[in-house]
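Presented below is the structure to which this report refers.
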Amino acid sequence: MTNSIGEFDEADLFFVTGTNTTAQHPLIGSRIINAKERGATLILVDPREIQLARFADIHLRHNIGTDVAVLNGIMHIIIAEGLYDREYVETRTEGFDALKQSVSRYTPRVVEQLSGIPAADLERAARVYAGTEKAMLLYAMGITQHATGTDNVKSCANLAMLTGHVGRESTGVNPLRGQNNVQGACDMGALPNVYSGYQPVGDAAVREKFEAAWRVEGLDDTVVLTIPGMMDAARSGDLKALYVMGENPMMSDPDRSHIELALRNLDFLVVQDIFLSETAALADVVLPAASFAERAGTYTNSERRVQLSFKAVDPPGEARADWDIISEVATRAGYPMHYGSSGDILREINALTPSYGGITPERLAGGYGLQWPCPDVEHPGTVYLHKDRFAKGLGTFLPCEFRPLAEVPDEEYDFLLTTGRISHHFHTGTMTRRTSVLEREAPRPCFEIHPADAARLSIGNGEMAELSTRRGSIRLRAEVTERVPRKVVFSTFHYREAPVNVLTNPAYDPVAKIPEFKGCAVKIRRCS
Amino acid sequence: MKSLAREKLVPLLAEWATEYDVIAPLKSEQGDIVVGAFDEGAFTLDYGKPALSAKSACLPQSEITFTVREGNYRGVIPETKTLLFGIRPCDMMGMLQTTSFMTRDQEDFYYRTRRDGTLIAVMACPGPQNETCFCTTVSSGPWAERGYDLQFYDLGDSFLVEAGSEAGERLLGVTAFTGVDETEARRRIASFREAAEERIAEVPDVTRAMETMGEGMVDSEIWDYFGDKCLACGGCAFVCPTCTCFNVYDQVTEPGGGLRLRAWDACLYGGLTREASGHNPRPTQASRIRRRYEHKFLWFNKADTQGGLSGCVGCGRCSDYCPVHIGALEVTRAIAAGSWPGRTEATVRR
């Protein structure tokens, strides 16, 4: 997030797209609801009638996968009507002419045809967003989990820069992170191309710094595989061994049968987790990890805030903290790695990661966390990013052209399946499905279908139906609801008894390698 | 009636802690107020209204009720010797009401056993702990009328301490307490109470809303308004001193063995009332919120109110902690006024 969560309370407008905020980030969602009551404006771009739709001043229910067209259309209106922030564009950005040229083709009529959003609604949204001083744009997986995910994100950034809506209090671009520490995992370089703090592996000076600190030579400078690449390499036999920590690809990666073949084809699979997940069940070695309450450390949340977490109880059996397991594996593999505590590791992070330089264990103990960038111990942390200048200097407009979903409905597979989460379960359910009240609240896999479609297929509320894509079939109970538009069905990836990743399409964004979980073609039939 | 010099309180609690599990307000390193096992270094008297009520002393967030091992059942009898220090009068009223509910006709063994093993020292309130306190409206404070073993009145340099039970009298027997002139002490307590009562404003909306609910005159759109906002987190029920719903579930710990547990539940969750057929008599969030507030202000059992006005004890915690401001104060205000904030076009349209 370029802003902080507290800044929601001062914003005058929220442009919310691809996030079911009250279900997945309820405390952020609550701030939006409260802001509505003090008079803020809510523009919602979401195909589903989510809880926030009840509060939206403008709800644009676009066809799934047309985000770039919608965002370009809004920019077209803003430029054509002269509503963009000229001073901001001239002093803070570059590449405006190319953007103007690119979005000029996305007239309200064209966008209406692509997205299904009435031209008048699009114009209203464009005018209100451009005309409001403190406007926060929010997005989550509805924007990113597409084969055009990177383009979708760039388009969000283009829109915010065009209107001068980045780099001020309560004004910015805010991707909401889906897990308590996914920001921290990325910050720590759990990515193939960077060390901690996004220091590139290809940068010789960076490599030398890490080589000196770790007393090694010849750290690899090549960018290697992302998860989909690993799965492909495992299946082809090029990848021999895989060490999976706290991840359950058997449930969370698209095209489950491909994932299972890939994992079974490995010579050696290690899984480190707190429960025996579907992936761990395939492993040669399972390393039991301690849960959050059984270890100390830090988490970095969506607003870049690093916070201490304390150990409440001892881990059961042979379970140990992840860092402790990794240290011992490294030591036994011939590289002695010894830390006394998670605090020792944070001190190493402070020394090697400029943006975390001042986020020391001592400072964290005295308060409620620090937000990076925080380069030294005198620095108070950063509430919002890109004040006065962008981290890279000028903000570059990166125009994108609309590209349709990788797999669009046709005569046989005539529905669009979109996937997401519900309030009561977290990801692949390894934890929440073991929690009695949560499991009682949502015990069965369901899919949402519009009443008109359900009637046509003779599927009653609560009845079983079979959903099939080119990759496989699962059976689920129908929840007949107008929450979804016609010809769209929605389901979740929480249930091992009906894993929706049997169905989802392994089409990936070419840059970020994120799969297109948000749309694939599916056919539906009633189970007799 | 006895007096206790302020500086003797911590040594006294430390002494009690050798005999009882003393549960007392503590201040964490970061300044948060928590209630937990007495610790001399962390103990604080500057605790206002702790986030959680005292109910977990007798109805823990989760507890094991029996175990199964190799096919044999073994009941778990809670062994409790607890002294709750410093609970507020509203929480005392909450515990009286909860105890009545949990034991009046059907005795809940686990609750009863824990309650019997718990001594209570109430700290009378000198005024509102924050802006959501409304004990004077529902007759639950600012001092406790009964239920306590000891009740402390903070006079600055010292506390006046009254006993409310034989066990309380015994607690007063240690040398730390000194005798007082009974008439003078009564006079000081009376003026303490009078000043406290004056400082805690009554909230006429609460009684007005109770009348409106009694007359069946609540505009049902009010429930829709709150239902639209509710995130269904259940936090209001967890912080509430009189919410007692629990869920019963099993945990398999080994082949042929496991635990039967119960844990706090909330009527804001759809599954609490969903029937085996899938039918739910409370099908919407609006109907669940309505049920919750009608239970507190309309359909509570008079036999359980224990001198209070309603099934709500006026602690204000639901108003303190609901992230979207659905608390007793907001709900009764909306009912009393017949209007509510942010009544948007969208709400009206629906």
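Residues are referred to by chain and number: the chain letter is A, B, ... according to the order shown in the structure tokens, the number counts from 1 in that chain, and ligands are numbered separately from 1 in the order shown.
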Spatial neighbours of A:Phe14, 12 Å, only C-alpha atoms, chain gap at least 4 places, as a PyMOL selection string
chain A and resi 7-10+19+21+28-29+31-33+35-36+39-45+52+55-59+125+128-130+132-139+160+165+170-174
Suppose we keep N, CA and C atoms; can you now write the selection as a compact mmCIF listing (two decimals), in the first residue's frame?
# COMPACT_ATOMS: atom_id res chain seq x y z
N GLU A 7 -5.12 6.05 7.27
CA GLU A 7 -5.48 7.14 6.36
C GLU A 7 -6.85 6.96 5.72
N PHE A 8 -7.41 5.76 5.82
CA PHE A 8 -8.77 5.57 5.30
C PHE A 8 -9.75 6.53 5.98
N ASP A 9 -9.44 6.85 7.23
CA ASP A 9 -10.39 7.65 8.00
C ASP A 9 -10.46 9.11 7.55
N GLU A 10 -9.51 9.53 6.71
CA GLU A 10 -9.53 10.91 6.25
C GLU A 10 -9.83 11.02 4.76
N THR A 19 -11.56 -6.31 -4.94
CA THR A 19 -11.40 -6.69 -3.54
C THR A 19 -12.76 -6.78 -2.88
N THR A 21 -13.68 -6.39 0.13
CA THR A 21 -12.94 -5.89 1.29
C THR A 21 -13.56 -6.30 2.62
N ILE A 28 -10.37 -3.13 7.26
CA ILE A 28 -10.28 -2.07 6.25
C ILE A 28 -11.68 -1.81 5.69
N GLY A 29 -12.42 -2.88 5.44
CA GLY A 29 -13.80 -2.73 4.97
C GLY A 29 -14.63 -1.90 5.94
N ARG A 31 -13.63 0.45 7.83
CA ARG A 31 -13.29 1.88 7.71
C ARG A 31 -13.98 2.51 6.50
N ILE A 32 -14.16 1.72 5.45
CA ILE A 32 -14.87 2.25 4.28
C ILE A 32 -16.34 2.47 4.63
N ILE A 33 -16.95 1.51 5.32
CA ILE A 33 -18.35 1.65 5.72
C ILE A 33 -18.52 2.88 6.62
N ALA A 35 -16.58 5.46 6.74
CA ALA A 35 -16.34 6.67 5.95
C ALA A 35 -17.58 7.06 5.16
N LYS A 36 -18.29 6.07 4.67
CA LYS A 36 -19.53 6.35 3.94
C LYS A 36 -20.50 7.13 4.83
N GLY A 39 -19.88 10.69 4.91
CA GLY A 39 -20.09 11.42 3.67
C GLY A 39 -19.09 11.13 2.55
N ALA A 40 -18.19 10.16 2.73
CA ALA A 40 -17.25 9.83 1.66
C ALA A 40 -17.99 9.13 0.51
N THR A 41 -17.33 9.10 -0.64
CA THR A 41 -17.92 8.50 -1.83
C THR A 41 -17.27 7.15 -2.09
N LEU A 42 -18.05 6.19 -2.56
CA LEU A 42 -17.52 4.86 -2.89
C LEU A 42 -17.85 4.51 -4.33
N ILE A 43 -16.78 4.30 -5.11
CA ILE A 43 -16.95 3.77 -6.46
C ILE A 43 -16.48 2.32 -6.41
N LEU A 44 -17.35 1.41 -6.78
CA LEU A 44 -17.01 -0.01 -6.73
C LEU A 44 -17.00 -0.57 -8.14
N VAL A 45 -15.91 -1.22 -8.50
CA VAL A 45 -15.83 -1.90 -9.79
C VAL A 45 -15.69 -3.38 -9.49
N LEU A 52 -20.00 -4.50 0.02
CA LEU A 52 -19.75 -3.08 -0.20
C LEU A 52 -20.68 -2.48 -1.25
N PHE A 55 -23.21 -0.07 -0.24
CA PHE A 55 -22.78 1.26 0.16
C PHE A 55 -22.26 2.08 -1.01
N ALA A 56 -22.20 1.46 -2.19
CA ALA A 56 -21.56 2.13 -3.32
C ALA A 56 -22.44 3.24 -3.89
N ASP A 57 -21.81 4.38 -4.15
CA ASP A 57 -22.50 5.44 -4.88
C ASP A 57 -22.60 5.07 -6.35
N ILE A 58 -21.53 4.44 -6.85
CA ILE A 58 -21.52 3.96 -8.23
C ILE A 58 -20.97 2.54 -8.21
N HIS A 59 -21.74 1.61 -8.73
CA HIS A 59 -21.24 0.23 -8.81
C HIS A 59 -21.16 -0.17 -10.28
N ALA A 125 -18.35 7.91 -12.93
CA ALA A 125 -17.24 7.43 -12.10
C ALA A 125 -15.98 8.23 -12.40
N VAL A 128 -16.20 11.83 -10.93
CA VAL A 128 -16.15 11.89 -9.47
C VAL A 128 -14.73 11.57 -8.97
N TYR A 129 -14.10 10.54 -9.55
CA TYR A 129 -12.76 10.17 -9.10
C TYR A 129 -11.78 11.30 -9.38
N ALA A 130 -11.83 11.84 -10.60
CA ALA A 130 -10.89 12.91 -10.96
C ALA A 130 -11.15 14.17 -10.14
N THR A 132 -12.20 14.52 -7.03
CA THR A 132 -12.10 14.45 -5.56
C THR A 132 -10.64 14.55 -5.14
N GLU A 133 -10.40 15.38 -4.14
CA GLU A 133 -9.03 15.67 -3.71
C GLU A 133 -8.35 14.44 -3.11
N LYS A 134 -8.99 13.88 -2.05
CA LYS A 134 -8.35 12.77 -1.34
C LYS A 134 -9.03 11.46 -1.76
N ALA A 135 -8.45 10.80 -2.76
CA ALA A 135 -9.06 9.60 -3.32
C ALA A 135 -8.09 8.43 -3.19
N MET A 136 -8.56 7.38 -2.57
CA MET A 136 -7.72 6.17 -2.43
C MET A 136 -8.24 5.10 -3.38
N LEU A 137 -7.31 4.53 -4.14
CA LEU A 137 -7.65 3.41 -5.02
C LEU A 137 -7.20 2.14 -4.31
N LEU A 138 -8.10 1.16 -4.26
CA LEU A 138 -7.78 -0.12 -3.59
C LEU A 138 -7.98 -1.26 -4.57
N TYR A 139 -7.09 -2.22 -4.54
CA TYR A 139 -7.35 -3.42 -5.31
C TYR A 139 -6.76 -4.63 -4.61
N ALA A 160 -4.24 6.60 -11.29
CA ALA A 160 -3.94 7.38 -10.09
C ALA A 160 -2.97 8.53 -10.42
N HIS A 165 -3.37 11.38 -7.93
CA HIS A 165 -3.83 10.70 -6.73
C HIS A 165 -2.81 9.72 -6.16
N SER A 170 -3.89 10.07 2.61
CA SER A 170 -5.22 9.54 2.22
C SER A 170 -5.43 9.56 0.72
N THR A 171 -4.36 9.51 -0.04
CA THR A 171 -4.45 9.56 -1.50
C THR A 171 -3.37 8.64 -2.05
N GLY A 172 -3.76 7.56 -2.70
CA GLY A 172 -2.74 6.67 -3.22
C GLY A 172 -3.31 5.41 -3.84
N VAL A 173 -2.40 4.47 -4.11
CA VAL A 173 -2.76 3.20 -4.73
C VAL A 173 -2.48 2.11 -3.69
N ASN A 174 -3.49 1.31 -3.41
CA ASN A 174 -3.38 0.42 -2.26
C ASN A 174 -3.76 -1.02 -2.56
So that I can see what lies close to stretch 237-253 of chain A, please list as a PyMOL selection string the residues with an atom at most 9 Å from it, counting only C-alpha atoms and leaving out residues fewer than 6 positions away in the same chain.
chain A and resi 227-228+230-231+259-260+262-263+265-274+277-280+289+322+427-428+430+493-496+499-502+504+506+515+517
Write out, as a compact mmCIF listing (two decimals), in the first residue's frame, the residues just selected, with N, CA and C atoms.
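Result written to part.txt:
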# COMPACT_ATOMS: atom_id res chain seq x y z
N ILE A 227 6.97 -20.20 -9.31
CA ILE A 227 6.25 -21.45 -9.00
C ILE A 227 5.76 -22.18 -10.27
N PRO A 228 5.08 -21.50 -11.19
CA PRO A 228 4.62 -22.26 -12.38
C PRO A 228 5.77 -22.87 -13.17
N MET A 230 8.57 -23.88 -11.86
CA MET A 230 9.04 -25.04 -11.08
C MET A 230 8.17 -26.25 -11.35
N MET A 231 6.84 -26.02 -11.41
CA MET A 231 5.93 -27.14 -11.63
C MET A 231 6.15 -27.74 -13.01
N ILE A 259 -0.35 -30.32 -11.29
CA ILE A 259 0.47 -30.12 -10.09
C ILE A 259 0.81 -31.47 -9.45
N GLU A 260 -0.19 -32.35 -9.39
CA GLU A 260 0.05 -33.64 -8.75
C GLU A 260 1.07 -34.46 -9.55
N ALA A 262 3.37 -33.27 -11.43
CA ALA A 262 4.67 -32.62 -11.26
C ALA A 262 5.31 -33.02 -9.93
N LEU A 263 4.51 -32.93 -8.84
CA LEU A 263 5.07 -33.22 -7.52
C LEU A 263 5.46 -34.69 -7.41
N ASN A 265 6.50 -36.51 -9.74
CA ASN A 265 7.64 -36.79 -10.62
C ASN A 265 8.97 -36.36 -10.00
N LEU A 266 8.91 -35.64 -8.86
CA LEU A 266 10.14 -35.19 -8.20
C LEU A 266 10.87 -36.39 -7.59
N ASP A 267 12.21 -36.31 -7.54
CA ASP A 267 12.96 -37.33 -6.80
C ASP A 267 12.79 -37.14 -5.30
N PHE A 268 12.61 -35.87 -4.90
CA PHE A 268 12.63 -35.59 -3.47
C PHE A 268 11.77 -34.37 -3.18
N LEU A 269 10.77 -34.55 -2.32
CA LEU A 269 9.89 -33.45 -1.94
C LEU A 269 9.90 -33.28 -0.43
N VAL A 270 10.22 -32.10 0.03
CA VAL A 270 10.19 -31.77 1.45
C VAL A 270 9.09 -30.75 1.68
N VAL A 271 8.26 -30.98 2.67
CA VAL A 271 7.22 -30.00 3.00
C VAL A 271 7.33 -29.65 4.49
N GLN A 272 7.38 -28.37 4.75
CA GLN A 272 7.46 -27.85 6.12
C GLN A 272 6.16 -27.10 6.39
N ASP A 273 5.37 -27.60 7.34
CA ASP A 273 4.06 -26.99 7.57
C ASP A 273 3.60 -27.33 8.97
N ILE A 274 2.50 -26.68 9.39
CA ILE A 274 2.00 -26.95 10.74
C ILE A 274 0.99 -28.10 10.75
N SER A 277 -0.79 -31.14 5.18
CA SER A 277 -1.62 -30.63 4.09
C SER A 277 -1.66 -31.65 2.96
N GLU A 278 -2.50 -31.37 1.96
CA GLU A 278 -2.59 -32.24 0.79
C GLU A 278 -1.22 -32.36 0.11
N THR A 279 -0.45 -31.29 0.12
CA THR A 279 0.89 -31.32 -0.47
C THR A 279 1.85 -32.12 0.41
N ALA A 280 1.74 -31.91 1.73
CA ALA A 280 2.63 -32.63 2.66
C ALA A 280 2.40 -34.14 2.56
N ALA A 289 6.43 -27.64 11.57
CA ALA A 289 6.77 -26.27 11.92
C ALA A 289 5.90 -25.78 13.07
N ASP A 322 10.23 -22.01 12.01
CA ASP A 322 10.75 -22.18 10.65
C ASP A 322 12.24 -21.81 10.56
N HIS A 427 -7.65 -19.44 2.65
CA HIS A 427 -6.89 -20.15 1.64
C HIS A 427 -7.29 -21.62 1.52
N THR A 428 -6.34 -22.54 1.66
CA THR A 428 -6.67 -23.93 1.36
C THR A 428 -7.27 -24.65 2.57
N THR A 430 -6.25 -25.32 5.54
CA THR A 430 -5.45 -26.18 6.43
C THR A 430 -5.67 -25.81 7.89
N PHE A 493 -11.58 -21.72 -3.17
CA PHE A 493 -10.55 -22.77 -3.23
C PHE A 493 -10.24 -23.34 -1.85
N HIS A 494 -11.26 -23.35 -0.97
CA HIS A 494 -11.02 -23.76 0.40
C HIS A 494 -11.21 -25.26 0.65
N TYR A 495 -11.84 -26.00 -0.27
CA TYR A 495 -12.37 -27.32 0.08
C TYR A 495 -11.66 -28.46 -0.64
N ARG A 496 -11.04 -29.33 0.16
CA ARG A 496 -10.32 -30.46 -0.43
C ARG A 496 -11.28 -31.45 -1.10
N PRO A 499 -11.92 -29.59 -4.88
CA PRO A 499 -10.88 -28.60 -5.12
C PRO A 499 -11.10 -27.86 -6.44
N VAL A 500 -11.30 -26.56 -6.32
CA VAL A 500 -11.66 -25.79 -7.49
C VAL A 500 -10.47 -25.66 -8.45
N ASN A 501 -9.27 -25.95 -7.92
CA ASN A 501 -8.12 -25.87 -8.83
C ASN A 501 -8.03 -27.06 -9.78
N VAL A 502 -8.96 -28.00 -9.66
CA VAL A 502 -9.14 -29.00 -10.73
C VAL A 502 -9.60 -28.28 -12.01
N THR A 504 -9.46 -24.62 -12.61
CA THR A 504 -8.91 -23.32 -13.02
C THR A 504 -7.82 -23.46 -14.08
N PRO A 506 -4.41 -22.79 -16.05
CA PRO A 506 -3.01 -22.43 -15.80
C PRO A 506 -2.48 -21.47 -16.86
N PRO A 515 -1.37 -16.89 -11.86
CA PRO A 515 -2.36 -17.58 -12.68
C PRO A 515 -3.69 -16.82 -12.80
N PHE A 517 -6.83 -17.04 -11.98
CA PHE A 517 -7.86 -17.68 -11.16
C PHE A 517 -9.21 -17.00 -11.29
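For chain B, the residues close to chain A, meaning within 6 Å and counting only C-alpha atoms, are Gln30, Gly271, Pro323, Val324 and Gly342 of chain B.
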Mind checking DSSP for stretch 5-151 of chain B and telling me the alpha helix (DSSP H) residues as a PyMOL selection string?
chain B and resi 9-16+89-103+109-116+135-138
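Using only C-alpha atoms, the protein and nucleic acid residues lying no more than 7 Å from stretch 82-93 of chain A, apart from those fewer than 5 places from it along its own chain, are Ala130, Leu162, Thr163, Gly164, Arg389, Leu394, Gly395 and Thr396 of chain A.
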Counting only C-alpha atoms, what is within 6 Å of A:Ala147, bar same-chain residues fewer than 2 positions away, as JSON, numbers by chain?
{"A": [149, 507, 508, 509, 516]}
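Residue nearest A:Ala465, chosen from A:Val70, A:Cys527, A:Val153, A:Ala185 and counting only C-alpha atoms: A:Cys527.
For A:Leu352, the residues within 9 Å (counting only C-alpha atoms, excluding itself and residues fewer than 3 positions away along the chain) are Ser196, Gly197, Lys209, Phe210, Ala213, Arg347, Glu348, Ile349, Tyr356 and Gly357 of chain A.
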Fewer than 4 positions away in the same chain doesn't count, so skip those; otherwise give me all residues within 9 Å of B:Val174, counting only C-alpha atoms, as a PyMOL selection string.
chain B and resi 12+170+178
Using atom CA of A:Leu405 and atom CA of A:Leu114 as the two end points, give the distance in Å to one decimal.
11.8 Å
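Neighbouring residues of A:Arg526 at 9 Å or closer, counting only C-alpha atoms and skipping chain neighbours under 5 positions away, are Leu457, Ser458, Ile459, Glu463, Met464, Ala465, Glu466 and Leu467 of chain A.
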As a check of understanding: the span from atom CA of B:Ile222 to atom CA of B:Arg274 is 23.4 Å
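Atom CA of B:Ser287 is positioned 7.0 Å from atom CA of B:Trp223.
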Please identify every residue of stretch 317-346 of chain B that has at least one atom no farther than 8 Å from an atom of stretch 128-139 of chain B, counting only C-alpha atoms, and for each give the shortest atom pair and the distance in Å to one decimal, arranged by chain then increasing number, as JSON lines.
{"residue": "B:Arg317", "atom": "CA", "partner": "B:Thr132", "partner_atom": "CA", "distance": 7.5}
{"residue": "B:Ser319", "atom": "CA", "partner": "B:Thr132", "partner_atom": "CA", "distance": 6.8}
{"residue": "B:Asp320", "atom": "CA", "partner": "B:Thr132", "partner_atom": "CA", "distance": 6.9}
{"residue": "B:Leu329", "atom": "CA", "partner": "B:Thr132", "partner_atom": "CA", "distance": 7.5}
Output as a PyMOL selection string all residues of stretch 144-277 of chain B that backbone DSSP marks as strand (DSSP E).
chain B and resi 150-154+158-163+177-179+246-254+257-264
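Of the residues listed (A:Gly472, A:Gly229, A:Pro510, A:Pro108), A:Gly472 shows the shortest atom-to-atom separation from A:Asp255; distances use only C-alpha atoms.
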